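A.B. asks: The structure follows.
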Amino acid sequence: MIDIWDGLETFEQFRDARIVPHVQAVGLGLPQVRMIEAEDEMPDDGRRPAFVQWVVMPGVDREVFRRIHEQVVPGGVRPDGLTFHINGPFNGGWSVIDGWTSRAIRDSFMERTRPILETAPMSGPPTIDELQVEATMSGRAPART
C-alpha cells in the first residue's frame, strides 16, 4: 500500500486507532512501514494510476535531485500519463514515487530518463520497485476526532 498523509501525527492516529486493532484481531504482526517526508509533489490529477514506481537514489541530496529533476521534467511540466508524483529524502538518498496510467507509458518515459540517471552522482545504483495497482481510494478522507 502507498498512502500520502498530511502529517506523521495524522498517520499515527489512524494507525493506532484503525490498523493496529485489526491486525491484532486476526493475529498478524504490524505491517512494515517505510516513510519519506515529502519535499515536492505533483498532486493527484484525478486519474487513477494503474502502475506505481518507487525509485530510491542512494547518496542523492536535495541539490543533486533538483538538478536531475530539471533534466527529467524540464520546467516541472507533468509528463503524459503521470497521475501523481512525490519526492523527498529517504535513507541517506532521495526517493521518488510516481503513479502512471500504464506501465507502457512509464517505460517510454524511462527510456528518455535512464541516460540522465546513469550519469547522476549516486553512491550506488538506484533501486526501482514496480507495483501494479489493484485498487485505489481517491480524495481526502474526512478528519476524525
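How things are named: the first chain in the C-alpha cells is A, the next is B, and so on; residues count from 1 in each chain; ligands count from 1 in the order shown.
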Could you make a table, as CSV, of the residues of range 83-118 of chain A that have an atom within 10 Å of an atom of range 60-68 of chain A, each with its nearest atom pair and distance in Å to one decimal, counting only C-alpha atoms, in chain and number order?
C.D. replies:
residue,atom,partner,partner_atom,distance
A:Asn87,CA,A:Phe65,CA,9.3
A:Gly88,CA,A:Arg62,CA,8.0
A:Pro89,CA,A:Asp61,CA,7.2
A:Phe90,CA,A:Val60,CA,9.4
A:Gly92,CA,A:Val60,CA,7.4
A:Gly93,CA,A:Val60,CA,4.6
A:Trp94,CA,A:Val60,CA,5.4
A:Ser95,CA,A:Val60,CA,8.9
A:Val96,CA,A:Phe65,CA,9.8
A:Thr113,CA,A:Ile68,CA,9.5
A:Ile116,CA,A:Ile68,CA,7.2
A:Leu117,CA,A:Ile68,CA,7.5
A.B. asks: Restrict the selected residues to N, CA, C and O atoms and save them as a PDB file, in the first residue's frame.
C.D. replies:
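result_24.pdb, freshly written:
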ATOM      1  N   ASN A  87       8.261  13.353  -3.943  1.00  0.00           N
ATOM      2  CA  ASN A  87       9.670  13.024  -3.714  1.00  0.00           C
ATOM      3  C   ASN A  87      10.134  13.607  -2.398  1.00  0.00           C
ATOM      4  O   ASN A  87       9.538  14.543  -1.875  1.00  0.00           O
ATOM      5  N   GLY A  88      11.208  13.032  -1.881  1.00  0.00           N
ATOM      6  CA  GLY A  88      11.782  13.522  -0.637  1.00  0.00           C
ATOM      7  C   GLY A  88      12.937  12.649  -0.187  1.00  0.00           C
ATOM      8  O   GLY A  88      13.222  11.606  -0.785  1.00  0.00           O
ATOM      9  N   PRO A  89      13.618  13.089   0.860  1.00  0.00           N
ATOM     10  CA  PRO A  89      14.778  12.332   1.358  1.00  0.00           C
ATOM     11  C   PRO A  89      14.362  10.987   1.932  1.00  0.00           C
ATOM     12  O   PRO A  89      13.278  10.849   2.494  1.00  0.00           O
ATOM     13  N   PHE A  90      15.257   9.989   1.754  1.00  0.00           N
ATOM     14  CA  PHE A  90      14.971   8.650   2.255  1.00  0.00           C
ATOM     15  C   PHE A  90      16.282   7.894   2.443  1.00  0.00           C
ATOM     16  O   PHE A  90      17.039   7.714   1.482  1.00  0.00           O
ATOM     17  N   GLY A  92      19.365   8.339   3.523  1.00  0.00           N
ATOM     18  CA  GLY A  92      20.641   8.843   3.017  1.00  0.00           C
ATOM     19  C   GLY A  92      20.669   9.063   1.522  1.00  0.00           C
ATOM     20  O   GLY A  92      21.737   9.201   0.921  1.00  0.00           O
ATOM     21  N   GLY A  93      19.507   9.113   0.903  1.00  0.00           N
ATOM     22  CA  GLY A  93      19.405   9.367  -0.528  1.00  0.00           C
ATOM     23  C   GLY A  93      18.127  10.116  -0.816  1.00  0.00           C
ATOM     24  O   GLY A  93      17.622  10.830   0.050  1.00  0.00           O
ATOM     25  N   TRP A  94      17.618   9.948  -2.009  1.00  0.00           N
ATOM     26  CA  TRP A  94      16.388  10.631  -2.397  1.00  0.00           C
ATOM     27  C   TRP A  94      15.432   9.620  -2.992  1.00  0.00           C
ATOM     28  O   TRP A  94      15.852   8.692  -3.683  1.00  0.00           O
ATOM     29  N   SER A  95      14.147   9.796  -2.721  1.00  0.00           N
ATOM     30  CA  SER A  95      13.133   8.863  -3.167  1.00  0.00           C
ATOM     31  C   SER A  95      12.096   9.586  -4.010  1.00  0.00           C
ATOM     32  O   SER A  95      11.762  10.739  -3.741  1.00  0.00           O
ATOM     33  N   VAL A  96      11.602   8.883  -5.029  1.00  0.00           N
ATOM     34  CA  VAL A  96      10.546   9.398  -5.901  1.00  0.00           C
ATOM     35  C   VAL A  96       9.484   8.317  -6.029  1.00  0.00           C
ATOM     36  O   VAL A  96       9.808   7.164  -6.322  1.00  0.00           O
ATOM     37  N   THR A 113      14.653   8.975 -19.708  1.00  0.00           N
ATOM     38  CA  THR A 113      15.299   9.440 -18.479  1.00  0.00           C
ATOM     39  C   THR A 113      16.438   8.545 -17.989  1.00  0.00           C
ATOM     40  O   THR A 113      17.284   8.998 -17.230  1.00  0.00           O
ATOM     41  N   ILE A 116      19.929   9.953 -18.144  1.00  0.00           N
ATOM     42  CA  ILE A 116      20.144  11.014 -17.152  1.00  0.00           C
ATOM     43  C   ILE A 116      20.494  10.381 -15.809  1.00  0.00           C
ATOM     44  O   ILE A 116      21.438  10.801 -15.143  1.00  0.00           O
ATOM     45  N   LEU A 117      19.745   9.362 -15.413  1.00  0.00           N
ATOM     46  CA  LEU A 117      20.015   8.690 -14.141  1.00  0.00           C
ATOM     47  C   LEU A 117      21.373   8.003 -14.148  1.00  0.00           C
ATOM     48  O   LEU A 117      22.059   7.969 -13.131  1.00  0.00           O
TER      49      LEU A 117
END
A.B. asks: Please give the complete set of residues from chain A that DSSP, run on the backbone, assigns to helix (DSSP H, G or I), formatted as an MDAnalysis selection string.
C.D. replies: chainID A and resid 8:25 62:72 74:76 103:119
A.B. asks: Please provide the set of residues having any atom within 9 Å of Pro126 in chain A, restricted to only C-alpha atoms, with same-chain residues fewer than 5 positions apart removed, written as an MDAnalysis selection string.
C.D. replies: chainID A and resid 55:58 117
A.B. asks: Run DSSP on the backbone of this structure and report the residues of range 3-131 of chain A it assigns to strand (DSSP E), as number ranges by chain.
C.D. replies: A: 40-42, 51-58, 82-90, 93-100, 127-131
A.B. asks: As a list in words, please: the residues near Leu131 in chain A (cut-off 12 Å, only C-alpha atoms, same-chain neighbours under 2 positions excluded).
C.D. replies: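 Near neighbours after the sequence-gap exclusion: Met1, Ile2, Pro49, Ala50, Phe51, Val52, Gln53, Trp54, Val55, Ile97, Asp98, Gly99, Trp100, Ser102, Arg103, Arg106, Ile128, Asp129, Val133, Glu134 and Ala135 of chain A.
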A.B. asks: Do you know which residues are at most 10 Å from Pro31 in chain A counting only C-alpha atoms, after dropping those on the same chain fewer than 5 positions away, and could you put them as a PDB file with all heavy atoms, in the first residue's frame?
C.D. replies:
ATOM      1  N   ILE A  19      -5.544   0.534  12.247  1.00  0.00           N
ATOM      2  CA  ILE A  19      -4.746  -0.579  11.720  1.00  0.00           C
ATOM      3  C   ILE A  19      -4.381  -1.566  12.819  1.00  0.00           C
ATOM      4  O   ILE A  19      -4.603  -2.772  12.682  1.00  0.00           O
ATOM      5  CB  ILE A  19      -3.478  -0.064  11.005  1.00  0.00           C
ATOM      6  CG1 ILE A  19      -3.869   0.790   9.795  1.00  0.00           C
ATOM      7  CG2 ILE A  19      -2.582  -1.229  10.582  1.00  0.00           C
ATOM      8  CD1 ILE A  19      -2.709   1.513   9.146  1.00  0.00           C
ATOM      9  N   VAL A  20      -3.803  -1.067  13.905  1.00  0.00           N
ATOM     10  CA  VAL A  20      -3.324  -1.950  14.977  1.00  0.00           C
ATOM     11  C   VAL A  20      -4.429  -2.869  15.502  1.00  0.00           C
ATOM     12  O   VAL A  20      -4.223  -4.085  15.585  1.00  0.00           O
ATOM     13  CB  VAL A  20      -2.655  -1.134  16.113  1.00  0.00           C
ATOM     14  CG1 VAL A  20      -2.356  -2.012  17.307  1.00  0.00           C
ATOM     15  CG2 VAL A  20      -1.384  -0.458  15.599  1.00  0.00           C
ATOM     16  N   VAL A  23      -5.155  -5.706  12.753  1.00  0.00           N
ATOM     17  CA  VAL A  23      -4.128  -6.732  12.530  1.00  0.00           C
ATOM     18  C   VAL A  23      -3.957  -7.603  13.773  1.00  0.00           C
ATOM     19  O   VAL A  23      -3.730  -8.805  13.654  1.00  0.00           O
ATOM     20  CB  VAL A  23      -2.778  -6.141  12.054  1.00  0.00           C
ATOM     21  CG1 VAL A  23      -2.936  -5.444  10.714  1.00  0.00           C
ATOM     22  CG2 VAL A  23      -2.151  -5.221  13.074  1.00  0.00           C
TER      23      VAL A  23
END
A.B. asks: With only C-alpha atoms as the basis for distance, which of A:Val33, A:Ile86, A:Leu28, A:Met110 is at the shortest distance from Arg15 in chain A?
C.D. replies: A:Val33
A.B. asks: Kindly give the distance, in Å, that separates CA of Glu41 in chain A and CA of Thr101 in chain A, rounded to a single decimal.
C.D. replies: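 Between CA of Glu41 in chain A and CA of Thr101 in chain A the gap works out to 17.1 Å.
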A.B. asks: Have a look at CA of Arg112 in chain A and CA of Val77 in chain A and let me know their distance in Å, one decimal.
C.D. replies: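 It comes out at 15.0 Å.
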A.B. asks: Go through A:Val72, A:Ile36, A:Val26, A:Ala17 one by one, measure the shortest atom-to-atom distance of each to Asp3 in chain A using only C-alpha atoms, and give the residue with the smallest value.
C.D. replies: A:Ile36
